[in-house]
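Novice: Dropping in upload_20.tsv, which is TSV, C-alpha atoms:
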```
chain	number	residue	atom	x	y	z
L	1	MET	CA	6.90	-104.23	109.89
L	2	LYS	CA	6.53	-100.54	108.95
L	3	PRO	CA	10.32	-99.92	108.63
L	4	LEU	CA	10.57	-103.04	106.47
L	5	LEU	CA	7.77	-101.84	104.18
L	6	ARG	CA	9.42	-98.42	103.81
L	7	GLY	CA	12.75	-100.02	102.99
L	8	LEU	CA	11.23	-102.35	100.40
L	9	LYS	CA	9.38	-99.48	98.74
L	10	LYS	CA	12.63	-97.58	98.33
L	11	LEU	CA	14.45	-100.68	97.10
L	12	ALA	CA	11.71	-101.47	94.57
L	13	SER	CA	11.86	-97.93	93.18
L	14	GLU	CA	15.60	-98.24	92.57
L	15	LEU	CA	15.56	-101.67	90.93
L	16	SER	CA	14.77	-102.29	87.30
L	17	ARG	CA	11.45	-104.01	86.66
L	18	ASP	CA	13.27	-106.36	84.29
L	19	GLN	CA	15.09	-107.97	87.21
L	20	LYS	CA	13.39	-111.20	88.34
L	21	LEU	CA	13.67	-110.60	92.07
L	22	VAL	CA	12.28	-113.32	94.35
L	23	LEU	CA	12.06	-112.63	98.09
L	24	VAL	CA	12.26	-115.74	100.28
L	25	MET	CA	10.80	-115.24	103.74
L	26	ASP	CA	10.15	-117.12	106.96
L	27	ARG	CA	6.80	-117.42	108.77
L	28	LEU	CA	7.31	-114.15	110.64
L	29	PHE	CA	6.85	-112.16	107.39
L	30	CYS	CA	3.61	-113.83	106.27
L	31	GLY	CA	1.34	-110.78	106.00
L	32	ILE	CA	-1.01	-109.31	103.42
L	33	LYS	CA	0.52	-105.80	103.42
L	34	LEU	CA	3.96	-107.15	102.59
L	35	PHE	CA	2.57	-109.51	99.94
L	36	GLU	CA	0.59	-106.72	98.28
L	37	LEU	CA	3.60	-104.40	98.26
L	38	ILE	CA	5.82	-107.01	96.59
L	39	THR	CA	3.13	-107.94	94.06
L	40	ALA	CA	2.31	-104.30	93.24
L	41	HIS	CA	5.94	-103.69	92.22
L	42	GLY	CA	6.00	-106.70	89.93
L	43	ARG	CA	8.22	-108.81	92.21
L	44	TYR	CA	7.84	-112.36	93.45
L	45	PHE	CA	7.98	-113.95	96.88
L	46	ILE	CA	8.05	-117.35	98.56
L	47	CYS	CA	6.92	-117.23	102.16
L	48	ARG	CA	6.43	-120.02	104.64
L	49	ALA	CA	3.11	-119.99	106.50
L	50	LYS	CA	2.32	-121.32	109.94
L	51	TYR	CA	0.16	-124.40	110.26
L	52	ASP	CA	-2.79	-122.35	111.52
L	53	ARG	CA	-2.54	-119.58	108.89
L	54	ARG	CA	-6.03	-119.36	107.42
L	55	VAL	CA	-6.61	-119.29	103.65
L	56	VAL	CA	-9.61	-119.78	101.37
L	57	VAL	CA	-9.65	-122.94	99.24
L	58	PRO	CA	-11.79	-123.49	96.11
L	59	TRP	CA	-14.18	-125.97	97.76
L	60	GLU	CA	-14.97	-123.83	100.83
L	61	ASN	CA	-16.70	-120.48	101.26
L	62	LYS	CA	-14.76	-119.82	104.44
L	63	SER	CA	-11.10	-119.83	105.40
L	64	ILE	CA	-9.40	-122.92	106.81
L	65	PRO	CA	-5.94	-123.48	108.34
L	66	VAL	CA	-3.34	-124.08	105.66
L	67	GLY	CA	-2.19	-127.13	107.62
L	68	GLU	CA	-5.48	-128.89	106.86
L	69	ILE	CA	-4.81	-128.84	103.11
L	70	SER	CA	-3.67	-132.25	101.92
L	71	HIS	CA	-2.80	-131.13	98.37
L	72	THR	CA	0.88	-130.73	97.54
L	73	GLU	CA	0.00	-127.74	95.35
L	74	LEU	CA	-3.15	-125.66	95.17
L	75	THR	CA	-4.39	-122.20	94.18
L	76	ILE	CA	-5.75	-120.44	97.26
L	77	GLU	CA	-6.92	-116.97	98.27
L	78	TYR	CA	-5.16	-115.08	101.03
L	79	TYR	CA	-7.20	-112.00	101.83
L	80	ARG	CA	-7.35	-110.23	98.44
L	81	LEU	CA	-4.60	-112.15	96.67
L	82	SER	CA	-4.77	-115.32	94.60
L	83	LEU	CA	-1.65	-117.33	95.45
L	84	ARG	CA	-0.14	-120.77	95.02
L	85	MET	CA	0.18	-122.97	98.09
L	86	VAL	CA	3.04	-125.46	97.81
L	87	ARG	CA	3.53	-128.13	100.45
L	88	SER	CA	6.72	-130.10	100.93
L	89	ASN	CA	6.66	-133.84	101.57
L	90	LEU	CA	6.64	-135.15	105.13
L	91	GLU	CA	8.54	-138.39	105.50
L	92	LEU	CA	9.42	-140.68	108.38
L	93	GLY	CA	12.60	-139.74	110.17
L	94	MET	CA	12.38	-136.03	109.37
L	95	LYS	CA	13.44	-133.67	112.14
L	96	GLU	CA	10.52	-131.29	111.70
L	97	SER	CA	7.05	-132.31	112.84
L	98	GLU	CA	5.26	-130.70	109.91
L	99	PRO	CA	5.96	-130.01	106.23
L	100	TRP	CA	6.58	-126.59	104.78
L	101	PHE	CA	3.48	-124.67	103.73
L	102	LEU	CA	4.74	-122.14	101.20
L	103	LEU	CA	2.71	-119.27	99.78
L	104	THR	CA	3.98	-117.71	96.56
L	105	ASN	CA	2.89	-115.47	93.71
L	106	LEU	CA	5.28	-117.17	91.30
L	107	PRO	CA	3.32	-118.54	88.32
L	108	SER	CA	3.78	-122.21	87.46
L	109	GLU	CA	5.41	-121.36	84.12
L	110	LEU	CA	8.26	-119.62	85.97
L	111	ALA	CA	8.77	-122.07	88.83
L	112	SER	CA	7.64	-125.63	89.41
L	113	ARG	CA	6.65	-126.96	92.82
L	114	THR	CA	10.05	-128.63	93.21
L	115	ARG	CA	11.86	-125.45	92.25
L	116	ILE	CA	9.92	-123.41	94.82
L	117	ILE	CA	10.78	-125.89	97.58
L	118	HIS	CA	14.45	-125.79	96.60
L	119	ARG	CA	14.47	-122.00	96.54
L	120	TYR	CA	13.02	-121.90	100.05
L	121	ALA	CA	15.61	-124.45	101.24
L	122	GLU	CA	18.30	-121.97	100.17
L	123	ARG	CA	17.06	-119.70	102.96
L	124	PHE	CA	19.02	-121.76	105.47
L	125	GLU	CA	22.24	-120.72	103.75
L	126	ILE	CA	21.10	-117.10	104.10
L	127	GLU	CA	20.68	-117.65	107.83
L	128	GLU	CA	24.27	-118.89	107.95
L	129	SER	CA	25.32	-115.73	106.13
L	130	PHE	CA	23.66	-113.60	108.81
L	131	LYS	CA	25.56	-115.47	111.50
L	132	ASP	CA	28.83	-115.03	109.61
L	133	MET	CA	28.24	-111.30	109.18
L	134	LYS	CA	27.71	-110.90	112.92
L	135	TRP	CA	30.38	-113.25	114.25
L	136	PHE	CA	32.75	-114.52	111.55
L	137	GLN	CA	33.15	-111.10	109.92
L	138	LYS	CA	32.98	-109.32	113.31
L	139	LEU	CA	30.22	-106.88	112.31
L	140	GLU	CA	28.53	-107.46	115.69
L	141	TRP	CA	31.36	-105.49	117.32
L	142	GLN	CA	31.14	-102.44	115.05
L	143	GLN	CA	29.70	-99.74	117.31
L	144	ILE	CA	28.94	-97.12	114.67
L	145	LYS	CA	26.58	-94.18	115.00
L	146	LYS	CA	27.40	-92.05	111.95
L	147	THR	CA	25.80	-92.85	108.61
L	148	SER	CA	28.93	-91.82	106.70
L	149	VAL	CA	31.05	-94.34	108.63
L	150	ILE	CA	28.53	-97.12	107.97
L	151	ARG	CA	28.63	-96.37	104.24
L	152	ILE	CA	32.42	-96.55	104.19
L	153	LEU	CA	32.40	-99.82	106.14
L	154	LEU	CA	29.80	-101.37	103.82
L	155	PHE	CA	31.78	-100.20	100.79
L	156	PHE	CA	34.85	-102.16	101.85
L	157	ILE	CA	32.72	-105.15	102.91
L	158	PHE	CA	31.07	-105.29	99.48
L	159	ILE	CA	34.48	-105.09	97.79
L	160	GLY	CA	35.61	-108.08	99.86
L	161	TRP	CA	32.46	-110.04	99.04
L	162	TRP	CA	32.83	-109.25	95.35
L	163	PHE	CA	36.48	-110.35	95.37
L	164	ILE	CA	35.77	-113.68	97.05
L	165	TRP	CA	32.66	-114.29	94.93
L	166	THR	CA	34.69	-113.68	91.76
L	167	LEU	CA	37.25	-116.22	92.92
L	168	THR	CA	34.54	-118.84	93.55
L	169	LEU	CA	33.22	-118.35	90.02
L	170	ARG	CA	36.64	-118.87	88.46
L	171	HIS	CA	37.93	-121.68	90.66
L	172	LYS	CA	35.79	-124.78	91.16
L	173	GLU	CA	37.89	-125.97	94.11
L	174	LEU	CA	36.49	-123.06	96.16
L	175	ARG	CA	32.91	-124.30	95.81
L	176	THR	CA	32.07	-126.71	98.60
L	177	ARG	CA	28.63	-127.99	99.55
L	178	ALA	CA	27.42	-129.90	102.55
L	179	PRO	CA	25.22	-132.96	101.91
L	180	ASN	CA	22.45	-131.53	104.13
L	181	PRO	CA	21.20	-128.11	102.94
L	182	LYS	CA	20.13	-127.19	106.48
L	183	HIS	CA	23.71	-127.58	107.70
L	184	CYS	CA	25.30	-125.91	104.71
L	185	PRO	CA	27.70	-123.06	105.58
L	186	SER	CA	27.36	-119.79	103.76
L	187	TRP	CA	29.18	-119.39	100.46
L	188	PHE	CA	31.42	-116.77	102.07
L	189	LYS	CA	32.56	-119.06	104.89
L	190	SER	CA	33.03	-122.02	102.54
L	191	ALA	CA	35.09	-119.93	100.10
L	192	TRP	CA	37.09	-118.29	102.90
L	193	GLU	CA	38.04	-121.63	104.43
L	194	ALA	CA	38.92	-123.04	101.00
L	195	ILE	CA	41.15	-120.04	100.25
L	196	TYR	CA	42.85	-120.51	103.62
L	197	ARG	CA	43.52	-124.19	102.88
L	198	LEU	CA	44.98	-123.38	99.47
L	199	SER	CA	47.06	-120.49	100.82
L	200	TRP	CA	48.56	-122.52	103.66
L	201	PRO	CA	49.67	-126.00	102.56
L	202	ASP	CA	49.83	-128.70	105.22
L	203	GLU	CA	53.61	-128.51	105.44
L	204	LEU	CA	53.46	-124.83	106.39
L	205	ARG	CA	50.85	-125.16	109.12
L	206	PHE	CA	51.76	-125.30	112.76
L	207	THR	CA	50.48	-128.16	114.91
L	208	LEU	CA	50.39	-128.33	118.67
L	209	LEU	CA	52.85	-130.68	120.30
L	210	SER	CA	51.27	-133.40	122.39
L	211	PRO	CA	52.36	-133.38	126.06
```
What does this structure look like when you write it as C-alpha cells?
Specialist:
Amino acid sequence: MKPLLRGLKKLASELSRDQKLVLVMDRLFCGIKLFELITAHGRYFICRAKYDRRVVVPWENKSIPVGEISHTELTIEYYRLSLRMVRSNLELGMKESEPWFLLTNLPSELASRTRIIHRYAERFEIEESFKDMKWFQKLEWQQIKKTSVIRILLFFIFIGWWFIWTLTLRHKELRTRAPNPKHCPSWFKSAWEAIYRLSWPDELRFTLLSP
C-alpha cells in the first residue's frame, strides 16, 4: 500500500484540482489511509467493501458489518470519514452471492445511486484492459530494466492508444458493446478488432480448407 500512496500523492500534485477525477477500486483497496489521501486532495472515489467491513451507522453507537445494512443508500462513518454507502440490488439468478457494498465520498448532487453503481460496473472493462496490456499488447514479455527504455516504450504505446481512441470517436462503427458489462471487452480490443474487420473484407480473408 505504501508505494501506491506515494504514487497517488505525486499524481495528485501534478493534476489540476479542476479535474473531476474519480478513482474506482476493488475491495482490496478499502482502507482509511487511501480514502483520506484521496479526499484531502479534493478527489473522489468509489470503493467496494467486503461484507464484513465494519462501519458506523446513525442508529448505532458501535460499528457493524456493512453487509448487515439493508438500506440501498445510507450515510455512514468509516473511521474518521463521513461517506455514502450504496448497495446494489440482489436479484434471483444473479451469479454473485451478495450485492455490491460501495463506499464513496461523491456527494449526491454529483452522482446518484444508480450512477455510482454504473461507474463501478465500468471497472470490469478496466480489468479487461489490464489483461489486454499484458497479453494482447504483449507487454508481459517486455523485460525492461532501464527507466529510459520504459519511458520510450510507454510513449509509443500512448501514441497508439490515442490514435485508436481518436478513430473510435470519429467512427461509430468502431464502438461495440457486449450486452453483459461483466463480459465486455476493453475499448482497445473492441476497436482493434473492428479496425481489422474493416481493413480486411471477407473476400480478402483466407479460410482453411476442410479435409
Novice: Just how far from CA of Tyr196 in chain L is CA of Ser129 in chain L, in Å to one decimal?
Specialist: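 Computing the Euclidean distance for CA of Ser129 in chain L and CA of Tyr196 in chain L yields 18.3 Å.
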Novice: CA of Ala12 in chain L to CA of Arg53 in chain L: how many Å, to one decimal?
Specialist: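 Taking CA of Ala12 in chain L and CA of Arg53 in chain L, their separation equals 27.1 Å.
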Novice: Quick one: everything within 10 Å of Val66 in chain L, counting only C-alpha atoms, minus sequence neighbours fewer than 2 positions away in the same chain. Send it as a PyMOL selection string.
Specialist: chain L and resi 49-57+63-64+68-70+76+85+87+101-103
Novice: In Å to one decimal, how far is CA of Ala121 in chain L from CA of Leu74 in chain L?
Specialist: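 If I compute the distance from CA of Leu74 in chain L to CA of Ala121 in chain L, I get 19.8 Å.
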Novice: Contacts of Leu34 in chain L at 12 Å or less, counting only C-alpha atoms, minus same-chain residues fewer than 3 places along, as a JSON list (two decimals) with C-alpha atoms, in the coordinates of the input?
Specialist:
```json
[["chain", "number", "residue", "atom", "x", "y", "z"],
["L", 1, "MET", "CA", 6.90, -104.23, 109.89],
["L", 2, "LYS", "CA", 6.53, -100.54, 108.95],
["L", 3, "PRO", "CA", 10.32, -99.92, 108.63],
["L", 4, "LEU", "CA", 10.57, -103.04, 106.47],
["L", 5, "LEU", "CA", 7.77, -101.84, 104.18],
["L", 6, "ARG", "CA", 9.42, -98.42, 103.81],
["L", 7, "GLY", "CA", 12.75, -100.02, 102.99],
["L", 8, "LEU", "CA", 11.23, -102.35, 100.40],
["L", 9, "LYS", "CA", 9.38, -99.48, 98.74],
["L", 23, "LEU", "CA", 12.06, -112.63, 98.09],
["L", 25, "MET", "CA", 10.80, -115.24, 103.74],
["L", 28, "LEU", "CA", 7.31, -114.15, 110.64],
["L", 29, "PHE", "CA", 6.85, -112.16, 107.39],
["L", 30, "CYS", "CA", 3.61, -113.83, 106.27],
["L", 31, "GLY", "CA", 1.34, -110.78, 106.00],
["L", 37, "LEU", "CA", 3.60, -104.40, 98.26],
["L", 38, "ILE", "CA", 5.82, -107.01, 96.59],
["L", 39, "THR", "CA", 3.13, -107.94, 94.06],
["L", 40, "ALA", "CA", 2.31, -104.30, 93.24],
["L", 41, "HIS", "CA", 5.94, -103.69, 92.22],
["L", 43, "ARG", "CA", 8.22, -108.81, 92.21],
["L", 44, "TYR", "CA", 7.84, -112.36, 93.45],
["L", 45, "PHE", "CA", 7.98, -113.95, 96.88],
["L", 46, "ILE", "CA", 8.05, -117.35, 98.56],
["L", 47, "CYS", "CA", 6.92, -117.23, 102.16],
["L", 81, "LEU", "CA", -4.60, -112.15, 96.67]]
```
Novice: Using all atoms listed in the file, which of the listed residues (L:Glu193, L:Asp132, L:Glu127, L:Glu73) sits closest to Ser108 in chain L?
Specialist: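 Of all the options, L:Glu73 lies closest to Ser108 in chain L.
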Novice: Which one of L:Lys138, L:Lys20, L:Arg113, L:Arg48 sits closest to Glu98 in chain L if you count only C-alpha atoms?
Specialist: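 Nearest candidate to Glu98 in chain L out of L:Lys138, L:Lys20, L:Arg113, L:Arg48: L:Arg48.
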Novice: Would you please work out which residue, of L:Leu139, L:Ile164, L:Val22, L:Ile195, is nearest to Leu110 in chain L when using all atoms listed in the file?
Specialist: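 Looking at the shortest contact to Leu110 in chain L, the residue is L:Val22.
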Novice: Could you give me the axis-aligned bounding box of range 20-39 of chain L, with 6 Å of padding per side, as centre plus edge lengths in Å to one decimal, as JSON?
Specialist:
```
{"center_x": 6.3, "center_y": -110.9, "center_z": 99.5, "size_x": 26.7, "size_y": 25.0, "size_z": 34.3}
```
